[in-house]
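Following: one structure in structure tokens, then a few remarks.
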Amino acid sequence: MGASLPPFQRFLDSYRDDVWRLLRASVHSGEVDDCFQETFIAAMRAYPRLRPDSNLRAWVLTIAHRKALDAHRARVRRALPVADPASLDGRSSSEERTPPARDERLWEAVGELPARQRSAVVLRYLADMKHREIAQAIGCSEEAARRSLHEGLAKLRKVVIA
């Protein structure tokens with residue numbers, strides 16, 4: 001008899017900290033709980049159809065990454081309530097949608113990276129995923145994932161060294 005998947009609760013217990021760290025670095029703090037729950041709801045629904053030899057960690061982190069992207073897309077589409085439109089001081093709506101600045105210069109710079117570079121950096125250094133797994137998660141070739149990671153790191157080095 002071949003290998004089988006562990007019970008879902010054991011799976012959840014094994015990977016919840018990894019998923020939490022990934023989401024904490026990827027979405028606004030007010031969205032982490034919702035994305036975390038949505039990740040494991042989606043995983044629970046798909047779990048029975050998963051092959052027993054699947055890389056469970058990469059699989060659930062890919063789901064979490066997609067939930068983070070969904071949260072970002074939803075945030076960008078939302079209207080911004082403003083008591084007085086004149087109070088925007090000439091700022092564009094895209095400036096209003098950027099995530100709030102974090103205290104740490106590095107995390108601010110990570111948040112400002114283009115989406116694919118940010119995803120590659122977060123998946124590599126917070127989720128400890130290999131280039132092949134990053135490519136799977138962000139939907140590109142392994143070479144494109146390496147390039148995104150390289151370009152993202154180059155931009156971050158400029159910020160940290162400056």
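The way I read the labels, and the way they are meant: chains A, B, ... in the order of the structure tokens, residue 1 as the first residue of every chain, and ligand 1 as the first ligand shown, with later ones counted on from there.
Once Arg57 in chain A and its same-chain neighbours fewer than 6 positions away are set aside, A:Phe11, A:Leu12, A:Asp13, A:Ser14, A:Tyr15, A:Arg16, A:Asp17, A:Asp18, A:Val19, A:Leu22, A:Ala43, A:Ile63, A:Ala64, A:Leu123, A:Ala127, A:Asp128, A:Met129, A:Lys130, A:Glu133, A:Ile134, A:Ala137 remain within 12 Å of it when counting only C-alpha atoms.
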Practice problem: Write out as number ranges by chain all residues of range 19-54 of chain A that DSSP puts in alpha helix (DSSP H) for this structure's backbone. | Solution: A: 19-26, 32-46
Residue subset to file, keeping N, CA and C atoms, as a CSV table (one decimal), in the first residue's frame:
```csv
chain,number,residue,atom,x,y,z
A,19,VAL,N,2.5,29.4,6.8
A,19,VAL,CA,1.5,30.2,6.1
A,19,VAL,C,1.3,31.5,6.8
A,20,TRP,N,1.3,31.5,8.1
A,20,TRP,CA,1.1,32.8,8.9
A,20,TRP,C,2.3,33.8,8.5
A,21,ARG,N,3.5,33.3,8.6
A,21,ARG,CA,4.7,34.2,8.3
A,21,ARG,C,4.6,34.7,6.9
A,22,LEU,N,4.2,33.9,5.9
A,22,LEU,CA,4.1,34.3,4.5
A,22,LEU,C,3.1,35.4,4.4
A,23,LEU,N,1.9,35.2,5.0
A,23,LEU,CA,0.8,36.1,4.8
A,23,LEU,C,1.1,37.4,5.6
A,24,ARG,N,1.8,37.3,6.7
A,24,ARG,CA,2.1,38.5,7.5
A,24,ARG,C,3.1,39.4,6.7
A,25,ALA,N,3.9,38.8,5.9
A,25,ALA,CA,4.8,39.6,5.1
A,25,ALA,C,4.2,40.1,3.8
A,26,SER,N,3.1,39.5,3.4
A,26,SER,CA,2.5,39.8,2.1
A,26,SER,C,1.3,40.7,2.1
A,32,VAL,N,-4.5,39.7,7.4
A,32,VAL,CA,-3.8,38.4,7.6
A,32,VAL,C,-4.7,37.3,8.1
A,33,ASP,N,-5.6,37.6,9.1
A,33,ASP,CA,-6.5,36.6,9.6
A,33,ASP,C,-7.4,36.0,8.5
A,34,ASP,N,-8.0,36.9,7.7
A,34,ASP,CA,-8.9,36.5,6.7
A,34,ASP,C,-8.2,35.6,5.6
A,35,CYS,N,-7.0,36.1,5.2
A,35,CYS,CA,-6.3,35.3,4.2
A,35,CYS,C,-5.9,34.0,4.8
A,36,PHE,N,-5.5,33.9,6.1
A,36,PHE,CA,-5.1,32.7,6.7
A,36,PHE,C,-6.3,31.7,6.7
A,37,GLN,N,-7.4,32.2,7.1
A,37,GLN,CA,-8.6,31.3,7.1
A,37,GLN,C,-9.0,30.9,5.7
A,38,GLU,N,-9.0,31.8,4.7
A,38,GLU,CA,-9.3,31.4,3.4
A,38,GLU,C,-8.3,30.4,2.8
A,39,THR,N,-7.0,30.5,3.2
A,39,THR,CA,-6.1,29.6,2.7
A,39,THR,C,-6.4,28.2,3.1
A,40,PHE,N,-6.7,28.0,4.4
A,40,PHE,CA,-7.0,26.7,4.9
A,40,PHE,C,-8.4,26.1,4.6
A,41,ILE,N,-9.3,27.0,4.3
A,41,ILE,CA,-10.6,26.6,3.8
A,41,ILE,C,-10.4,26.0,2.4
A,42,ALA,N,-9.7,26.8,1.6
A,42,ALA,CA,-9.4,26.3,0.2
A,42,ALA,C,-8.6,25.0,0.2
A,43,ALA,N,-7.6,24.9,1.1
A,43,ALA,CA,-6.8,23.7,1.2
A,43,ALA,C,-7.7,22.5,1.7
A,44,MET,N,-8.6,22.7,2.6
A,44,MET,CA,-9.4,21.7,3.1
A,44,MET,C,-10.4,21.1,2.0
A,45,ARG,N,-10.9,22.0,1.2
A,45,ARG,CA,-11.7,21.6,0.1
A,45,ARG,C,-11.0,20.8,-0.9
A,46,ALA,N,-9.7,21.1,-1.2
A,46,ALA,CA,-8.9,20.4,-2.2
A,46,ALA,C,-8.2,19.3,-1.7
```
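If you measure from each of A:Ala154, A:Leu126, A:Val121, A:Val27 to Ala74 in chain A using only C-alpha atoms, the closest one turns out to be A:Val27.
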Could you name the residues that touch Arg118 in chain A at 12 Å or less, counting only C-alpha atoms, but leaving out those on the same chain fewer than 4 positions away, as a PDB file with N, CA and C atoms, in the first residue's frame?
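Full text of out.pdb as output:
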```pdb
ATOM      1  N   LEU A  22       4.237  33.870   5.899  1.00  0.00           N
ATOM      2  CA  LEU A  22       4.128  34.316   4.517  1.00  0.00           C
ATOM      3  C   LEU A  22       3.066  35.402   4.381  1.00  0.00           C
ATOM      4  N   ALA A  25       3.902  38.838   5.938  1.00  0.00           N
ATOM      5  CA  ALA A  25       4.829  39.626   5.133  1.00  0.00           C
ATOM      6  C   ALA A  25       4.205  40.084   3.819  1.00  0.00           C
ATOM      7  N   SER A  26       3.080  39.511   3.429  1.00  0.00           N
ATOM      8  CA  SER A  26       2.528  39.771   2.099  1.00  0.00           C
ATOM      9  C   SER A  26       1.326  40.700   2.076  1.00  0.00           C
ATOM     10  N   VAL A  27       0.565  40.772   3.165  1.00  0.00           N
ATOM     11  CA  VAL A  27      -0.670  41.567   3.160  1.00  0.00           C
ATOM     12  C   VAL A  27      -0.702  42.512   4.347  1.00  0.00           C
ATOM     13  N   HIS A  65      -0.158  32.270  -1.097  1.00  0.00           N
ATOM     14  CA  HIS A  65       0.324  33.335  -1.982  1.00  0.00           C
ATOM     15  C   HIS A  65      -0.818  33.845  -2.860  1.00  0.00           C
ATOM     16  N   ALA A  68      -3.128  35.991  -0.881  1.00  0.00           N
ATOM     17  CA  ALA A  68      -2.529  37.311  -0.671  1.00  0.00           C
ATOM     18  C   ALA A  68      -2.707  38.182  -1.910  1.00  0.00           C
ATOM     19  N   LEU A  69      -2.509  37.598  -3.093  1.00  0.00           N
ATOM     20  CA  LEU A  69      -2.731  38.344  -4.333  1.00  0.00           C
ATOM     21  C   LEU A  69      -4.187  38.772  -4.456  1.00  0.00           C
ATOM     22  N   LEU A 106      13.749  48.117   5.427  1.00  0.00           N
ATOM     23  CA  LEU A 106      13.807  46.965   4.538  1.00  0.00           C
ATOM     24  C   LEU A 106      12.410  46.485   4.159  1.00  0.00           C
ATOM     25  N   TRP A 107      11.507  46.342   5.139  1.00  0.00           N
ATOM     26  CA  TRP A 107      10.167  45.838   4.843  1.00  0.00           C
ATOM     27  C   TRP A 107       9.389  46.832   4.003  1.00  0.00           C
ATOM     28  N   GLU A 108       9.672  48.099   4.194  1.00  0.00           N
ATOM     29  CA  GLU A 108       9.046  49.112   3.345  1.00  0.00           C
ATOM     30  C   GLU A 108       9.498  48.907   1.898  1.00  0.00           C
ATOM     31  N   ALA A 109      10.791  48.669   1.740  1.00  0.00           N
ATOM     32  CA  ALA A 109      11.332  48.447   0.390  1.00  0.00           C
ATOM     33  C   ALA A 109      10.775  47.161  -0.224  1.00  0.00           C
ATOM     34  N   VAL A 110      10.616  46.106   0.569  1.00  0.00           N
ATOM     35  CA  VAL A 110      10.033  44.861   0.065  1.00  0.00           C
ATOM     36  C   VAL A 110       8.611  45.135  -0.428  1.00  0.00           C
ATOM     37  N   GLY A 111       7.858  45.911   0.333  1.00  0.00           N
ATOM     38  CA  GLY A 111       6.489  46.238  -0.057  1.00  0.00           C
ATOM     39  C   GLY A 111       6.400  47.052  -1.332  1.00  0.00           C
ATOM     40  N   GLU A 112       7.451  47.762  -1.672  1.00  0.00           N
ATOM     41  CA  GLU A 112       7.448  48.612  -2.865  1.00  0.00           C
ATOM     42  C   GLU A 112       7.959  47.891  -4.115  1.00  0.00           C
ATOM     43  N   LEU A 113       8.453  46.693  -3.960  1.00  0.00           N
ATOM     44  CA  LEU A 113       8.921  45.934  -5.123  1.00  0.00           C
ATOM     45  C   LEU A 113       7.739  45.604  -6.033  1.00  0.00           C
ATOM     46  N   PRO A 114       7.990  45.458  -7.339  1.00  0.00           N
ATOM     47  CA  PRO A 114       6.921  44.962  -8.227  1.00  0.00           C
ATOM     48  C   PRO A 114       6.416  43.606  -7.719  1.00  0.00           C
ATOM     49  N   VAL A 122       9.702  37.156  -0.912  1.00  0.00           N
ATOM     50  CA  VAL A 122       8.966  36.649   0.257  1.00  0.00           C
ATOM     51  C   VAL A 122       8.949  35.122   0.263  1.00  0.00           C
ATOM     52  N   LEU A 123       8.669  34.512  -0.882  1.00  0.00           N
ATOM     53  CA  LEU A 123       8.613  33.050  -0.928  1.00  0.00           C
ATOM     54  C   LEU A 123       9.983  32.423  -0.685  1.00  0.00           C
ATOM     55  N   ARG A 124      11.039  33.073  -1.137  1.00  0.00           N
ATOM     56  CA  ARG A 124      12.380  32.526  -0.939  1.00  0.00           C
ATOM     57  C   ARG A 124      12.842  32.658   0.504  1.00  0.00           C
ATOM     58  N   TYR A 125      12.706  33.858   1.081  1.00  0.00           N
ATOM     59  CA  TYR A 125      13.309  34.106   2.382  1.00  0.00           C
ATOM     60  C   TYR A 125      12.371  33.925   3.569  1.00  0.00           C
ATOM     61  N   LEU A 126      11.075  34.001   3.367  1.00  0.00           N
ATOM     62  CA  LEU A 126      10.163  33.731   4.482  1.00  0.00           C
ATOM     63  C   LEU A 126       9.597  32.326   4.424  1.00  0.00           C
ATOM     64  N   ILE A 134       9.065  28.426  -6.228  1.00  0.00           N
ATOM     65  CA  ILE A 134       8.668  29.826  -6.423  1.00  0.00           C
ATOM     66  C   ILE A 134       8.039  29.981  -7.805  1.00  0.00           C
ATOM     67  N   ILE A 138       4.228  31.411  -8.445  1.00  0.00           N
ATOM     68  CA  ILE A 138       3.901  32.681  -9.108  1.00  0.00           C
ATOM     69  C   ILE A 138       3.566  32.499 -10.584  1.00  0.00           C
ATOM     70  N   ALA A 145      11.648  33.065 -12.352  1.00  0.00           N
ATOM     71  CA  ALA A 145      11.608  33.197 -10.893  1.00  0.00           C
ATOM     72  C   ALA A 145      12.976  33.613 -10.358  1.00  0.00           C
ATOM     73  N   ARG A 147      15.255  35.253 -11.986  1.00  0.00           N
ATOM     74  CA  ARG A 147      15.478  36.636 -12.422  1.00  0.00           C
ATOM     75  C   ARG A 147      14.701  37.606 -11.533  1.00  0.00           C
ATOM     76  N   SER A 148      13.457  37.289 -11.222  1.00  0.00           N
ATOM     77  CA  SER A 148      12.645  38.150 -10.350  1.00  0.00           C
ATOM     78  C   SER A 148      13.288  38.273  -8.981  1.00  0.00           C
ATOM     79  N   LEU A 149      13.767  37.164  -8.452  1.00  0.00           N
ATOM     80  CA  LEU A 149      14.435  37.182  -7.151  1.00  0.00           C
ATOM     81  C   LEU A 149      15.701  38.021  -7.228  1.00  0.00           C
ATOM     82  N   HIS A 150      16.500  37.815  -8.247  1.00  0.00           N
ATOM     83  CA  HIS A 150      17.746  38.565  -8.419  1.00  0.00           C
ATOM     84  C   HIS A 150      17.474  40.073  -8.514  1.00  0.00           C
ATOM     85  N   GLU A 151      16.515  40.457  -9.344  1.00  0.00           N
ATOM     86  CA  GLU A 151      16.201  41.879  -9.509  1.00  0.00           C
ATOM     87  C   GLU A 151      15.636  42.482  -8.228  1.00  0.00           C
ATOM     88  N   GLY A 152      14.798  41.736  -7.538  1.00  0.00           N
ATOM     89  CA  GLY A 152      14.253  42.222  -6.271  1.00  0.00           C
ATOM     90  C   GLY A 152      15.343  42.428  -5.234  1.00  0.00           C
ATOM     91  N   LEU A 153      16.256  41.471  -5.137  1.00  0.00           N
ATOM     92  CA  LEU A 153      17.360  41.586  -4.174  1.00  0.00           C
ATOM     93  C   LEU A 153      18.277  42.754  -4.527  1.00  0.00           C
ATOM     94  N   ALA A 154      18.511  42.979  -5.812  1.00  0.00           N
ATOM     95  CA  ALA A 154      19.356  44.102  -6.231  1.00  0.00           C
ATOM     96  C   ALA A 154      18.736  45.421  -5.793  1.00  0.00           C
ATOM     97  N   LYS A 155      17.426  45.569  -5.938  1.00  0.00           N
ATOM     98  CA  LYS A 155      16.744  46.790  -5.503  1.00  0.00           C
ATOM     99  C   LYS A 155      16.803  46.935  -3.987  1.00  0.00           C
ATOM    100  N   LEU A 156      16.642  45.832  -3.281  1.00  0.00           N
ATOM    101  CA  LEU A 156      16.693  45.894  -1.816  1.00  0.00           C
ATOM    102  C   LEU A 156      18.078  46.259  -1.315  1.00  0.00           C
TER     103      LEU A 156
END
```
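Using only C-alpha atoms for every distance, the candidate list A:Leu61, A:Gly30, A:Tyr47, A:Pro52 yields A:Tyr47 as the residue closest to Gln9 in chain A.
CA of Ala120 in chain A is found 18.2 Å from CA of Val160 in chain A.
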